[in-house]
Structures are given as structure tokens and as C-alpha cells.
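**Student:** The file below is target.cif, mmCIF, C-alpha atoms:
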```cif
data_start
#
loop_
_atom_site.group_PDB
_atom_site.id
_atom_site.type_symbol
_atom_site.label_atom_id
_atom_site.label_comp_id
_atom_site.auth_asym_id
_atom_site.auth_seq_id
_atom_site.Cartn_x
_atom_site.Cartn_y
_atom_site.Cartn_z
ATOM 1 C CA MET S 1 109.800 66.597 23.773
ATOM 2 C CA VAL S 2 107.843 64.702 26.386
ATOM 3 C CA VAL S 3 110.889 64.420 28.583
ATOM 4 C CA TYR S 4 111.520 68.116 28.414
ATOM 5 C CA SER S 5 107.990 69.095 29.501
ATOM 6 C CA SER S 6 108.010 66.661 32.453
ATOM 7 C CA LYS S 7 111.320 68.172 33.644
ATOM 8 C CA LYS S 8 109.770 71.580 33.319
ATOM 9 C CA LYS S 9 106.721 70.450 35.317
ATOM 10 C CA ARG S 10 108.907 68.927 38.021
ATOM 11 C CA ALA S 11 110.957 72.112 38.258
ATOM 12 C CA SER S 12 107.781 74.151 38.445
ATOM 13 C CA ARG S 13 106.365 71.889 41.193
ATOM 14 C CA SER S 14 109.568 72.052 43.238
ATOM 15 C CA ALA S 15 109.622 75.858 42.903
ATOM 16 C CA ILE S 16 106.002 76.014 44.149
ATOM 17 C CA ALA S 17 106.831 73.650 47.021
ATOM 18 C CA LEU S 18 109.884 75.767 47.908
ATOM 19 C CA ASN S 19 107.802 78.967 47.828
ATOM 20 C CA SER S 20 105.090 77.291 49.911
ATOM 21 C CA ARG S 21 107.633 76.096 52.482
ATOM 22 C CA PHE S 22 109.213 79.573 52.578
ATOM 23 C CA VAL S 23 105.816 81.207 53.186
ATOM 24 C CA ARG S 24 105.054 78.719 55.999
ATOM 25 C CA VAL S 25 108.431 79.348 57.664
ATOM 26 C CA VAL S 26 108.047 83.133 57.403
ATOM 27 C CA PHE S 27 104.447 82.993 58.666
ATOM 28 C CA GLY S 28 105.417 80.688 61.570
ATOM 29 C CA SER S 29 108.358 82.898 62.518
ATOM 30 C CA LEU S 30 106.179 85.981 62.405
ATOM 31 C CA LEU S 31 103.570 84.265 64.583
ATOM 32 C CA LEU S 32 106.254 83.238 67.094
ATOM 33 C CA ILE S 33 107.655 86.773 67.232
ATOM 34 C CA LEU S 34 104.180 88.238 67.784
ATOM 35 C CA ALA S 35 103.448 85.717 70.569
ATOM 36 C CA GLY S 36 106.754 86.586 72.264
ATOM 37 C CA LEU S 37 106.067 90.305 71.951
ATOM 38 C CA PHE S 38 102.548 89.899 73.350
ATOM 39 C CA SER S 39 103.879 87.830 76.276
ATOM 40 C CA THR S 40 106.528 90.436 77.040
ATOM 41 C CA ILE S 41 103.995 93.283 76.981
ATOM 42 C CA LEU S 42 101.657 91.287 79.221
ATOM 43 C CA TYR S 43 104.447 90.533 81.710
ATOM 44 C CA VAL S 44 105.667 94.147 81.839
ATOM 45 C CA SER S 45 102.153 95.530 82.323
ATOM 46 C CA TYR S 46 101.467 93.021 85.127
ATOM 47 C CA GLN S 47 104.718 94.001 86.860
ATOM 48 C CA ASP S 48 103.656 97.648 86.662
ATOM 49 C CA TYR S 49 100.179 96.754 88.001
ATOM 50 C CA VAL S 50 101.578 95.066 91.132
ATOM 51 C CA HIS S 51 104.344 97.604 91.727
ATOM 52 C CA PRO S 52 103.999 99.159 95.197
ATOM 53 C CA LYS S 53 104.473 102.661 93.760
ATOM 54 C CA HIS S 54 100.682 102.723 93.355
ATOM 55 C CA VAL S 55 100.242 102.771 97.155
ATOM 56 C CA TYR S 56 103.299 104.813 98.124
ATOM 57 C CA GLY S 57 102.354 107.939 100.036
ATOM 58 C CA THR S 58 100.544 109.156 103.118
ATOM 59 C CA TRP S 59 97.101 107.723 103.844
ATOM 60 C CA ILE S 60 94.811 109.588 106.267
ATOM 61 C CA GLU S 61 92.034 107.915 108.238
ATOM 62 C CA ILE S 62 88.477 108.849 107.276
ATOM 63 C CA GLY S 63 85.660 109.269 109.767
ATOM 64 C CA SER S 64 87.665 109.698 112.952
ATOM 65 C CA PRO S 65 87.767 112.792 115.156
ATOM 66 C CA PRO S 66 90.581 115.212 114.239
ATOM 67 C CA TYR S 67 92.421 114.580 117.517
ATOM 68 C CA ASP S 68 92.478 110.796 116.934
ATOM 69 C CA THR S 69 93.114 110.535 113.169
ATOM 70 C CA GLU S 70 95.654 107.881 112.208
ATOM 71 C CA THR S 71 98.084 108.286 109.328
ATOM 72 C CA LEU S 72 99.630 105.416 107.431
ATOM 73 C CA ILE S 73 102.756 106.064 105.358
ATOM 74 C CA LEU S 74 103.798 103.457 102.796
ATOM 75 C CA ASN S 75 107.156 103.923 101.064
ATOM 76 C CA GLU S 76 110.332 102.123 99.993
ATOM 77 C CA GLN S 77 111.628 102.029 103.579
ATOM 78 C CA GLY S 78 108.515 100.349 104.995
ATOM 79 C CA VAL S 79 105.326 101.284 106.815
ATOM 80 C CA LEU S 80 104.899 104.068 109.350
ATOM 81 C CA LYS S 81 101.768 104.419 111.463
ATOM 82 C CA ASN S 82 101.414 107.793 113.200
ATOM 83 C CA GLN S 83 105.062 108.579 112.417
ATOM 84 C CA ARG S 84 106.290 105.306 113.977
ATOM 85 C CA MET S 85 107.873 102.495 111.989
ATOM 86 C CA ILE S 86 105.714 99.361 112.267
ATOM 87 C CA ALA S 87 107.210 97.303 109.424
ATOM 88 C CA THR S 88 110.264 97.501 107.188
ATOM 89 C CA GLN S 89 108.452 96.005 104.214
ATOM 90 C CA PHE S 90 105.006 95.268 102.833
ATOM 91 C CA GLU S 91 103.558 93.332 99.925
ATOM 92 C CA PHE S 92 101.182 94.633 97.278
ATOM 93 C CA ASP S 93 99.394 92.313 94.854
ATOM 94 C CA GLY S 94 97.638 94.979 92.806
ATOM 95 C CA SER S 95 94.549 95.189 94.998
ATOM 96 C CA GLN S 96 95.616 94.413 98.562
ATOM 97 C CA VAL S 97 98.418 95.623 100.824
ATOM 98 C CA PHE S 98 99.802 93.069 103.308
ATOM 99 C CA VAL S 99 101.673 94.407 106.346
ATOM 100 C CA GLN S 100 103.251 91.931 108.784
ATOM 101 C CA THR S 101 103.875 93.441 112.216
ATOM 102 C CA GLY S 102 104.602 92.074 115.669
ATOM 103 C CA GLN S 103 100.861 92.139 116.328
ATOM 104 C CA GLY S 104 100.027 90.031 113.279
ATOM 105 C CA MET S 105 99.059 90.523 109.676
ATOM 106 C CA SER S 106 97.130 93.623 108.606
ATOM 107 C CA ILE S 107 95.478 93.596 105.202
ATOM 108 C CA TYR S 108 94.263 96.716 103.418
ATOM 109 C CA GLN S 109 92.037 96.540 100.316
ATOM 110 C CA MET S 110 92.315 99.185 97.601
ATOM 111 C CA SER S 111 88.959 100.877 97.115
ATOM 112 C CA GLY S 112 87.561 104.139 95.879
ATOM 113 C CA THR S 113 88.298 105.500 92.432
ATOM 114 C CA PRO S 114 91.384 106.900 90.693
ATOM 115 C CA LYS S 115 90.070 110.372 91.582
ATOM 116 C CA SER S 116 89.570 109.345 95.214
ATOM 117 C CA PRO S 117 92.014 106.516 96.089
ATOM 118 C CA GLN S 118 91.150 104.791 99.350
ATOM 119 C CA LEU S 119 92.351 101.886 101.487
ATOM 120 C CA ARG S 120 89.964 99.853 103.617
ATOM 121 C CA ARG S 121 91.365 97.692 106.389
ATOM 122 C CA ILE S 122 89.911 94.193 106.108
ATOM 123 C CA GLN S 123 92.082 92.437 108.679
ATOM 124 C CA PRO S 124 91.798 92.933 111.586
ATOM 125 C CA ASN S 125 88.266 94.010 110.752
ATOM 126 C CA SER S 126 87.431 95.655 114.041
ATOM 127 C CA PRO S 127 87.424 98.587 114.344
ATOM 128 C CA THR S 128 86.660 99.342 110.717
ATOM 129 C CA GLN S 129 89.125 101.801 109.217
ATOM 130 C CA ARG S 130 89.199 103.593 105.886
ATOM 131 C CA PHE S 131 92.039 105.762 104.636
ATOM 132 C CA ILE S 132 92.270 108.260 101.801
ATOM 133 C CA LYS S 133 95.480 109.225 100.057
ATOM 134 C CA GLN S 134 96.830 112.619 101.067
ATOM 135 C CA GLY S 135 95.858 115.255 98.548
ATOM 136 C CA PHE S 136 92.434 113.733 97.896
ATOM 137 C CA GLU S 137 90.807 114.653 101.230
ATOM 138 C CA HIS S 138 88.446 117.061 99.478
ATOM 139 C CA THR S 139 86.725 114.113 97.737
ATOM 140 C CA VAL S 140 85.263 112.614 100.955
ATOM 141 C CA ASP S 141 83.632 113.739 104.197
ATOM 142 C CA MET S 142 86.597 113.474 106.544
ATOM 143 C CA GLU S 143 84.396 113.751 109.640
ATOM 144 C CA GLY S 144 82.410 110.716 108.572
ATOM 145 C CA GLY S 145 79.450 109.617 110.591
ATOM 146 C CA GLY S 146 76.682 110.356 108.103
ATOM 147 C CA ILE S 147 73.374 109.298 109.707
ATOM 148 C CA ALA S 148 74.991 108.469 113.046
ATOM 149 C CA LYS S 149 76.442 111.968 113.229
ATOM 150 C CA LYS S 150 73.008 113.494 112.562
ATOM 151 C CA ARG S 151 71.423 111.245 115.177
ATOM 152 C CA ARG S 152 73.999 112.297 117.786
ATOM 153 C CA ALA S 153 73.388 115.949 116.948
ATOM 154 C CA ALA S 154 69.622 115.453 117.267
ATOM 155 C CA LEU S 155 70.008 113.748 120.664
ATOM 156 C CA LYS S 156 72.337 116.509 121.839
ATOM 157 C CA ASN S 157 69.825 119.166 120.802
ATOM 158 C CA HIS S 158 66.979 117.244 122.460
ATOM 159 C CA PHE S 159 68.716 116.992 125.846
ATOM 160 C CA GLU S 160 70.132 120.515 125.741
ATOM 161 C CA ASN S 161 66.655 121.985 125.300
ATOM 162 C CA LYS S 162 65.238 120.268 128.404
#
```
For the file at hand, write its structure as C-alpha cells.
**Tutor:**
Amino acid sequence: MVVYSSKKKRASRSAIALNSRFVRVVFGSLLLILAGLFSTILYVSYQDYVHPKHVYGTWIEIGSPPYDTETLILNEQGVLKNQRMIATQFEFDGSQVFVQTGQGMSIYQMSGTPKSPQLRRIQPNSPTQRFIKQGFEHTVDMEGGGIAKKRRAALKNHFENK
């Protein structure tokens, strides 16, 4: 009878070990699948984040006089500045637009908010330029100037009255 119970114990132990190994394999496989799924989702969302479709469209300069306002068009065919092609391609890294032209590299930084998308030229940095996406012009003062505009108006009034 002793032999029989030790065989039973060994069989029971091997069944537990087999179940334990099965649980570890299933758990490891599940963990690997979840890691792969997470990596895929992360990769796809990053590719969407850096896709140039986020900057495609017409961008209108802010703060310049109406007769001298520049427009910048970014699309699949390239970059147009004031209706003239200046580059056949551009790069977008999710926050900056890089445009290589014959005059050098121009870099535009995304700024503003989703309700008022703007581009700010950071290279070359003089003269400073800001652009707003067409359709969102109502969200900013297109004339610009602020305090400087008021100061000019005050000086104009002062000298006109003399």
C-alpha cells in the first residue's frame, strides 16, 4: 500500500508541475502579446503625430499690413510662398516644419492652440513672422501691432493737431 500512495503522490506532483508550467507559458505568452500590441499602438500613434497632414493648408501672416501679407501653402506637392513654389518637399517632426530652399533652411515652430493653430518662424529669426492657418483668422488680431500700433496712432494724432 505504501508503494501505491507514493505513485499517487508523484502523479499528483507531476500534474501540479504541469499545470504550473502551463500557467507560466500562458501568462508569458499573454504578456508578450500585450507588449507587442502596446508597441504597435505606440508606433502607429507616433507616425500619426509626425504626419505632415497636421500642417497641410494655407497659412496667413499675422501682424503685417494687408498689402504685404505673405501666405505659406504646405501640401503634398511642396511649399508655396505667395503662390510661388519655393520647395518640393518639407519635413515635419511633430512640432517643427523644416523647409530647405535655395536661400537656406527655414524652420517654423508650431504654436498656438488647436482652436488657433499658428506657425512661428524661428530661422531665419529676422524679421519675426507668425502665421495662422486659414479659417482661424478670427481668433487673432490680424493687424497686429498691439502697443506699437497705439503708439503710432498717438504720435499721428499729436502731429496732426499741431
**Student:** Measuring atom to atom with only C-alpha atoms, identify which of S:Pro66, S:Gly36, S:Gly57, S:Gly104 is nearest to Ala87 (chain S).
**Tutor:** S:Gly104
**Student:** Name the closest residue to Val97 (chain S) among the candidates S:Lys133, S:Thr128, S:Glu70, S:Tyr56; distances are taken between atoms, counting all atoms listed in the file.
**Tutor:**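 Between S:Lys133, S:Thr128, S:Glu70, S:Tyr56, the residue approaching Val97 (chain S) most closely is S:Tyr56.
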**Student:** Anything within 6 Å of (95.9, 105.3, 100.8): list those residues as a list in words, counting only C-alpha atoms and sticking to the file's coordinates.
**Tutor:**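 Using only C-alpha atoms, the matching residues come out as Trp59, Gln118, Leu119, Phe131, Ile132 and Lys133 of chain S.
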**Student:** Given the file shown, determine the residues that the PyMOL selection byres ((chain S and resi 108) around 10) selects; report them as number ranges by chain.
**Tutor:** S: 92, 95-99, 106-107, 109-111, 118-125, 129-131
**Student:** Starting from the shown file, work through the PyMOL selection byres ((chain S and resi 53) around 12) and note down what comes out as a PyMOL selection string.
**Tutor:** chain S and resi 47-52+54-57+74-76+90-94+97
**Student:** Would you mind reading off the distance between CA of Thr58 (chain S) and CA of Tyr46 (chain S), one decimal, in Å?
**Tutor:**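 CA of Tyr46 (chain S) lies 24.2 Å from CA of Thr58 (chain S).
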**Student:** One number please: CA of Asn82 (chain S) to CA of Glu61 (chain S), in Å, one decimal.
**Tutor:**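 CA of Asn82 (chain S) sits 10.6 Å away from CA of Glu61 (chain S).
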**Student:** Mind pulling up the distance from CA of Ser126 (chain S) to CA of Gln89 (chain S)?
**Tutor:**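 Between these atoms lies a distance of 23.2 Å.
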**Student:** Run the PyMOL selection byres ((chain S and resi 135-142) around 8) on the file and write out the hits as a PyMOL selection string.
**Tutor:** chain S and resi 61-64+115-117+132-134+143-144
**Student:** Please put the answer as JSON: centre and edge lengths, in Å with one decimal, of a box along x, y and z that encloses all listed atoms of region 23-38 of chain S plus 4 Å on each side.
**Tutor:**
```
{"center_x": 105.5, "center_y": 84.5, "center_z": 63.3, "size_x": 13.9, "size_y": 19.6, "size_z": 28.2}
```
